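K.L.:
Quick one: structure below, then a few questions.
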Number of protein chains: 2
Amino acid sequence: MAVVNANYLKLKAGYLFPEISRRVNHFLKDHPDAPLIRLGIGDVTEPLPAACREAMIKAVEEMGDRATFKGYGPEQGYSWLREKIAAHDFQARGCDIDASEIFISDGSKCDTGNILDIFGDSNKIAVTDPVYPVYVDTNVMAGHTGEANDRGEYAGLVYLPITAENNFTATLPSDPVDLVYLCFPNNPTGAVASREHLQAWVDYARTHRAILFFDAAYEAFITDPAIPHSIYEIPGARDCAIEFRSFSKNAGFTGTRCAFTVVPKGLKGYTPSGDAVDLWSLWQRRQSTKFNGVSYIVQRGAEAVYSPEGQTQVRQLVSLYLENARLIRDRLSKAGMAVYGGVNAPYVWVKTPNGMSSWDFFDTLLHTCYVVGTPGAGFGAAGEGYLRLSAFNSQANVIEAMARVVATLG
Amino acid sequence: MAVVNANYLKLKAGYLFPEISRRVNHFLKDHPDAPLIRLGIGDVTEPLPAACREAMIKAVEEMGDRATFKGYGPEQGYSWLREKIAAHDFQARGCDIDASEIFISDGSKCDTGNILDIFGDSNKIAVTDPVYPVYVDTNVMAGHTGEANDRGEYAGLVYLPITAENNFTATLPSDPVDLVYLCFPNNPTGAVASREHLQAWVDYARTHRAILFFDAAYEAFITDPAIPHSIYEIPGARDCAIEFRSFSKNAGFTGTRCAFTVVPKGLKGYTPSGDAVDLWSLWQRRQSTKFNGVSYIVQRGAEAVYSPEGQTQVRQLVSLYLENARLIRDRLSKAGMAVYGGVNAPYVWVKTPNGMSSWDFFDTLLHTCYVVGTPGAGFGAAGEGYLRLSAFNSQANVIEAMARVVATLG
């Protein structure tokens, strides 16, 4: 008798975004002509940079000639891409990261889930609340939790609330934890972490021999020069942190698919009896065995992000979305709403008016403004009373959406 | 203290193909000008079909226009691709498979590893010997085995020998097993399974409520019209089988990356207490949570495989490789060697001469013929005494390689 992984049965019925889709589709069935503006899911809307497209077309053409055809590539990615990433994203910012420590993948969602493969089942795991749901769900699937309670909190996980009251920075856990998920600039709150806050986490992790999973998928949106882009800007981080990065949000690769994970050589985990084990070697083995590398064509597209033209085009994309975030903040705060984030991040975290629940506010915006947001409660219990608005849309759509929302509130 | 997955420490030092790379690179360091011909790793060599390239260039261009730009797609793949697969690969062969049962992925290696996520840890698992090493290694990593013995066999796995003596078809296990890996046309032996043999497996699986993992990555190479291409050609298979398919070997996508898995709706696994659980829903949840879909550009390339031009071009590619396989069989058997496979598969399984060990024969071919094969022992204990030659190369290279091998044997 084939037995299933019964941990899946603990998962709450709907992953957040499918539930939003369901409500939106239901609404559209009754109002097929409603001029919906989607500021919900964090999906980009603007064209892929020309530099990336040109590089991919060239790569497709190479595939047509036996002499330049590419079959299986290295599972960890081509060295020409890994070297550019190491130089531009890390060494240029003073981070001691080598190309061999970069593992190219097809997405940060995959990587943040798959990374659990190389860790044991006995670790104490901390997540912020609210949190990107994938961190929690992948731990549930891996059997690292008990059942969920009425607030959607799974037994066994350590939830670290981040709210306006603590300026969206978690208090370090009083009891030791072994694996910690940190996402800065933060999804969903749009908050950033100061150098001091990150140093405190690095010191904590080194003291407790914990590993930080640092998700920096939104680092391109940092505008404040004092804010670190990488955890490796913090002294000691090579000894305690794995970093996740993506081309999805800077270069618009959500439908093109390329990302990477950084595992420093010398970073250690431990056997239950306390023997040190090299994590780079485990991840290398995991990727060699369970992954076949990213499409050559897509890797060439990602490489073009680092060309002078690519850099200019990516900056233009990021600026466009950041101006949208500024508009959202500006319009809503002028209308008397409390807004957070949106300065160093493409997300604005909006306090719901009059203590409204986040799903009620979501439904109100959908039905009266034809605007789709993401209810904060979908990201965790402490997200209740907030709603996330994404800056990923055209400026015209953002202006129109904000006009409708402000009119409703007024 | 962050604890690692100690199951990784049970893995034998080198995955087969990295070990081959190591030996080849060592040889090339001493003989940099040796005219090496690689018939080792199963990687294609011929250009990508023009239909696929044209479709991908068009897709890249769509990415440059806001109106046709594609962000996140469905994690399970676009319906236009899933529908073509269902129609061409299954319904046209009389298989009752719907588009919603097709899950597009970036590789069969990933899928055959990831599928274990939805199963529990108490299943009894059967593999053939020799076997595609990924089936074994992913089970070791998941903690489904004990340690390996001197022959490289892991405690807890059920090994089913396939050799010339049993015509490369495994005897059904006498004790019940819960998960069974079957690969036909077989990697590495090139053998195929008759309808009767597959029916016996389906009957076995239904009797024992087992699940068959049917890897059909090489189905395009079947020339014998009596041989099933899909497990779903066998009555009852919808109740007991998951099938893996790939565009790697038919359309040359090893560097482009696209594959798919078929999970029939209604296929059941069980909780430890015997309650039935829908496997389609678990896999759907797994993919939604831990995967973000395949690049839009690549999916358009895969779709083009099903156009009339694409079908013609794929048939030409397959014919080219099958002619190579025929040449390998012909030359070696004329030279008095025992050869198997290579008629319905791109692999020829060669008995080593004079009882030579497979790594010794590998080294001999490398050092005296400058030809790279794959030692049978790398695929399992029962692969000792064999060597795999792959037909993936140009015809000229195959002819030259065989001339060198025959000269050495003579």
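In the structure tokens, the first chain shown is A, the next is B, and so on; residue numbers restart at 1 for each chain, and ligands run from 1 in the order shown.
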Can you list, as a PyMOL selection string, every residue of range 171-381 of chain A that DSSP puts in helix (DSSP H, G or I)?

P.N.:
chain A and resi 195-208+219-221+231-233+237-239+279-290+296-306+308-334+353-355+358-369+376-379+381

K.L.:
Just to be explicit: take each residue in the selection above, keep C-alpha atoms, and write the result as a short mmCIF file (atom, residue, chain, number, x, y, z; two decimals), in the first residue's frame.

P.N.:
data_model
loop_
_atom_site.label_atom_id
_atom_site.label_comp_id
_atom_site.auth_asym_id
_atom_site.auth_seq_id
_atom_site.Cartn_x
_atom_site.Cartn_y
_atom_site.Cartn_z
CA ARG A 195 22.68 47.20 9.30
CA GLU A 196 22.36 47.05 13.10
CA HIS A 197 19.29 44.83 12.97
CA LEU A 198 20.97 42.41 10.56
CA GLN A 199 24.15 42.43 12.66
CA ALA A 200 22.06 41.42 15.67
CA TRP A 201 20.67 38.46 13.69
CA VAL A 202 24.13 37.42 12.49
CA ASP A 203 25.46 37.58 16.04
CA TYR A 204 22.47 35.59 17.27
CA ALA A 205 22.95 32.93 14.57
CA ARG A 206 26.66 32.57 15.26
CA THR A 207 26.04 32.24 18.98
CA HIS A 208 23.40 29.56 18.50
CA GLU A 219 17.03 44.16 -3.01
CA ALA A 220 16.95 46.14 -6.29
CA PHE A 221 14.26 48.38 -4.81
CA ILE A 231 23.35 39.71 4.24
CA TYR A 232 27.01 39.24 3.31
CA GLU A 233 27.55 42.97 3.87
CA ALA A 237 27.38 36.38 7.74
CA ARG A 238 29.46 33.91 5.70
CA ASP A 239 29.44 31.70 8.79
CA LEU A 279 26.47 22.86 3.60
CA TRP A 280 27.91 23.91 0.23
CA SER A 281 28.71 20.25 -0.51
CA LEU A 282 25.22 19.12 0.50
CA TRP A 283 23.55 21.75 -1.68
CA GLN A 284 25.88 20.96 -4.59
CA ARG A 285 24.89 17.30 -4.26
CA ARG A 286 21.20 18.15 -3.93
CA GLN A 287 21.24 20.29 -7.07
CA SER A 288 23.33 17.78 -9.07
CA THR A 289 20.92 14.98 -8.21
CA LYS A 290 17.53 16.69 -8.30
CA TYR A 296 20.75 27.98 -21.55
CA ILE A 297 18.57 30.55 -23.32
CA VAL A 298 17.29 31.96 -20.05
CA GLN A 299 20.75 32.06 -18.49
CA ARG A 300 21.95 34.16 -21.43
CA GLY A 301 19.00 36.49 -20.78
CA ALA A 302 19.99 36.79 -17.13
CA GLU A 303 23.60 37.46 -18.05
CA ALA A 304 22.46 40.44 -20.13
CA VAL A 305 21.10 42.06 -16.96
CA TYR A 306 24.76 42.79 -16.12
CA PRO A 308 25.71 48.28 -19.39
CA GLU A 309 22.45 48.40 -21.40
CA GLY A 310 20.87 45.78 -19.16
CA GLN A 311 21.80 47.72 -16.04
CA THR A 312 20.28 50.91 -17.42
CA GLN A 313 17.10 49.12 -18.49
CA VAL A 314 16.71 47.36 -15.14
CA ARG A 315 17.14 50.67 -13.31
CA GLN A 316 14.39 52.18 -15.47
CA LEU A 317 12.04 49.29 -14.63
CA VAL A 318 12.74 49.55 -10.92
CA SER A 319 12.28 53.34 -10.99
CA LEU A 320 8.94 52.99 -12.70
CA TYR A 321 7.65 50.61 -10.03
CA LEU A 322 9.13 52.70 -7.22
CA GLU A 323 7.35 55.80 -8.56
CA ASN A 324 4.14 53.77 -8.47
CA ALA A 325 4.82 52.86 -4.86
CA ARG A 326 5.38 56.53 -4.07
CA LEU A 327 2.07 57.43 -5.72
CA ILE A 328 0.22 54.78 -3.70
CA ARG A 329 1.76 56.03 -0.45
CA ASP A 330 1.13 59.64 -1.33
CA ARG A 331 -2.53 59.28 -2.38
CA LEU A 332 -3.51 57.04 0.50
CA SER A 333 -1.73 58.98 3.23
CA LYS A 334 -3.25 62.24 1.95
CA PRO A 353 -9.68 51.78 7.88
CA ASN A 354 -11.86 51.69 10.99
CA GLY A 355 -10.50 48.35 12.23
CA SER A 358 -8.26 42.46 5.94
CA TRP A 359 -10.49 40.11 3.93
CA ASP A 360 -13.40 42.58 4.33
CA PHE A 361 -11.20 45.42 3.09
CA PHE A 362 -10.05 43.18 0.22
CA ASP A 363 -13.69 42.49 -0.72
CA THR A 364 -14.61 46.18 -0.43
CA LEU A 365 -11.80 47.25 -2.74
CA LEU A 366 -12.70 44.49 -5.20
CA HIS A 367 -16.44 45.19 -5.27
CA THR A 368 -16.52 48.99 -5.02
CA CYS A 369 -13.18 50.05 -6.59
CA GLY A 376 -2.71 40.95 5.21
CA ALA A 377 -4.27 38.09 7.15
CA GLY A 378 -3.29 35.82 4.28
CA PHE A 379 0.35 36.33 5.31
CA ALA A 381 -2.16 36.25 12.06
#

K.L.:
Neighbouring residues of Arg388 in chain A were defined as those with any atom within 6 Å, considering only C-alpha atoms; residues of the same chain fewer than 4 positions away were excluded. Please report them as JSON, numbers by chain.

P.N.:
{"A": [348, 349, 373, 374]}

K.L.:
Give me the residues within 6 Å of range 243-250 of chain B as a list in words, counting only C-alpha atoms and dropping any in the same chain fewer than 3 places off.

P.N.:
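Once the nearby chain positions are removed, what remains is Phe214, Asp215, Ala216, Ala217, Ala220, Phe253, Thr254, Cys258, Ala259, Phe260, Thr261 and Val262 of chain B.
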
K.L.:
How would the residues just picked look written out with all heavy atoms as a compact mmCIF listing (two decimals), in the first residue's frame?

P.N.:
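Result saved to again.txt:
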# COMPACT_ATOMS: atom_id res chain seq x y z
N PHE B 214 6.43 5.43 -13.82
CA PHE B 214 6.79 4.97 -15.16
C PHE B 214 7.53 6.07 -15.91
O PHE B 214 6.94 7.08 -16.29
CB PHE B 214 5.53 4.54 -15.92
CG PHE B 214 5.83 3.81 -17.20
CD1 PHE B 214 6.23 2.48 -17.17
CD2 PHE B 214 5.73 4.44 -18.42
CE1 PHE B 214 6.53 1.79 -18.35
CE2 PHE B 214 6.03 3.77 -19.60
CZ PHE B 214 6.42 2.44 -19.56
N ASP B 215 8.82 5.86 -16.12
CA ASP B 215 9.66 6.86 -16.78
C ASP B 215 9.73 6.51 -18.27
O ASP B 215 10.37 5.53 -18.65
CB ASP B 215 11.05 6.83 -16.14
CG ASP B 215 11.97 7.93 -16.67
OD1 ASP B 215 11.66 8.51 -17.73
OD2 ASP B 215 12.99 8.19 -16.01
N ALA B 216 9.06 7.34 -19.07
CA ALA B 216 8.99 7.09 -20.51
C ALA B 216 9.76 8.15 -21.29
O ALA B 216 9.38 8.52 -22.40
CB ALA B 216 7.52 7.03 -20.95
N ALA B 217 10.87 8.60 -20.72
CA ALA B 217 11.64 9.68 -21.35
C ALA B 217 12.13 9.32 -22.75
O ALA B 217 12.41 10.20 -23.56
CB ALA B 217 12.83 10.06 -20.46
N ALA B 220 10.00 8.10 -27.61
CA ALA B 220 10.04 8.48 -29.03
C ALA B 220 10.91 7.53 -29.85
O ALA B 220 10.81 7.51 -31.07
CB ALA B 220 10.55 9.91 -29.18
N PHE B 253 15.95 18.87 -26.05
CA PHE B 253 15.78 19.94 -25.06
C PHE B 253 16.68 19.79 -23.83
O PHE B 253 16.39 20.39 -22.80
CB PHE B 253 14.32 19.98 -24.59
CG PHE B 253 13.42 20.88 -25.42
CD1 PHE B 253 13.41 20.82 -26.80
CD2 PHE B 253 12.54 21.78 -24.79
CE1 PHE B 253 12.57 21.65 -27.55
CE2 PHE B 253 11.71 22.61 -25.53
CZ PHE B 253 11.72 22.54 -26.91
N THR B 254 17.77 19.01 -23.91
CA THR B 254 18.57 18.82 -22.69
C THR B 254 19.10 20.15 -22.14
O THR B 254 19.22 20.29 -20.92
CB THR B 254 19.75 17.85 -22.94
OG1 THR B 254 20.49 18.32 -24.06
CG2 THR B 254 19.25 16.44 -23.20
N CYS B 258 12.48 21.18 -20.70
CA CYS B 258 11.04 21.04 -20.54
C CYS B 258 10.68 19.56 -20.47
O CYS B 258 11.25 18.75 -21.20
CB CYS B 258 10.26 21.73 -21.67
SG CYS B 258 8.53 22.06 -21.25
N ALA B 259 9.76 19.25 -19.59
CA ALA B 259 9.34 17.87 -19.38
C ALA B 259 7.92 17.92 -18.82
O ALA B 259 7.34 19.00 -18.69
CB ALA B 259 10.29 17.18 -18.41
N PHE B 260 7.36 16.76 -18.53
CA PHE B 260 6.05 16.77 -17.86
C PHE B 260 5.80 15.46 -17.15
O PHE B 260 6.43 14.43 -17.45
CB PHE B 260 4.91 17.09 -18.83
CG PHE B 260 4.76 16.16 -20.00
CD1 PHE B 260 3.91 15.06 -19.93
CD2 PHE B 260 5.44 16.39 -21.18
CE1 PHE B 260 3.76 14.21 -21.02
CE2 PHE B 260 5.29 15.54 -22.28
CZ PHE B 260 4.44 14.45 -22.20
N THR B 261 4.90 15.55 -16.19
CA THR B 261 4.49 14.40 -15.39
C THR B 261 2.98 14.25 -15.51
O THR B 261 2.27 15.26 -15.55
CB THR B 261 4.93 14.63 -13.93
OG1 THR B 261 6.34 14.51 -13.87
CG2 THR B 261 4.32 13.61 -12.98
N VAL B 262 2.54 13.01 -15.59
CA VAL B 262 1.10 12.74 -15.69
C VAL B 262 0.63 12.09 -14.39
O VAL B 262 1.14 11.04 -13.99
CB VAL B 262 0.79 11.77 -16.85
CG1 VAL B 262 -0.71 11.65 -17.05
CG2 VAL B 262 1.47 12.23 -18.13

K.L.:
Can you work out which one of A:Val372, A:Met141, A:Val158, A:Ala241 has the shortest atom-to-atom distance to Thr171 in chain A, counting only C-alpha atoms?

P.N.:
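Using only C-alpha atoms, the shortest distance to Thr171 in chain A belongs to A:Val158.
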
K.L.:
Just want the 9 Å neighbourhood of Ile57 in chain A, counted on only C-alpha atoms, with same-chain residues fewer than 5 positions away dropped. Output as a PyMOL selection string.

P.N.:
(chain A and resi 52+62+297+301) or (chain B and resi 56-57+60-61)

K.L.:
Could you give me, as a VMD selection string, the residues within 12 Å of Phe291 in chain B, counting only C-alpha atoms and dropping anything in the same chain fewer than 2 positions from it?

P.N.:
(chain A and resid 105 to 114 134 138 254 257) or (chain B and resid 72 to 77 103 to 106 110 to 111 114 283 to 289 293 to 295)

K.L.:
I'd like to know which of B:Leu212, B:Ile97, B:Ile37, B:Ala92 is closest to chain A, using only C-alpha atoms.

P.N.:
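Ranked by minimum distance to chain A, first place goes to B:Leu212.
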
K.L.:
I'd like the neighbourhood of Leu179 in chain A as a ChimeraX atom specification, where a residue qualifies if any of its atoms comes within 8 Å (using only C-alpha atoms), though same-chain residues fewer than 5 positions away should be ignored.

P.N.:
/A:123-126,210-213 /B:2
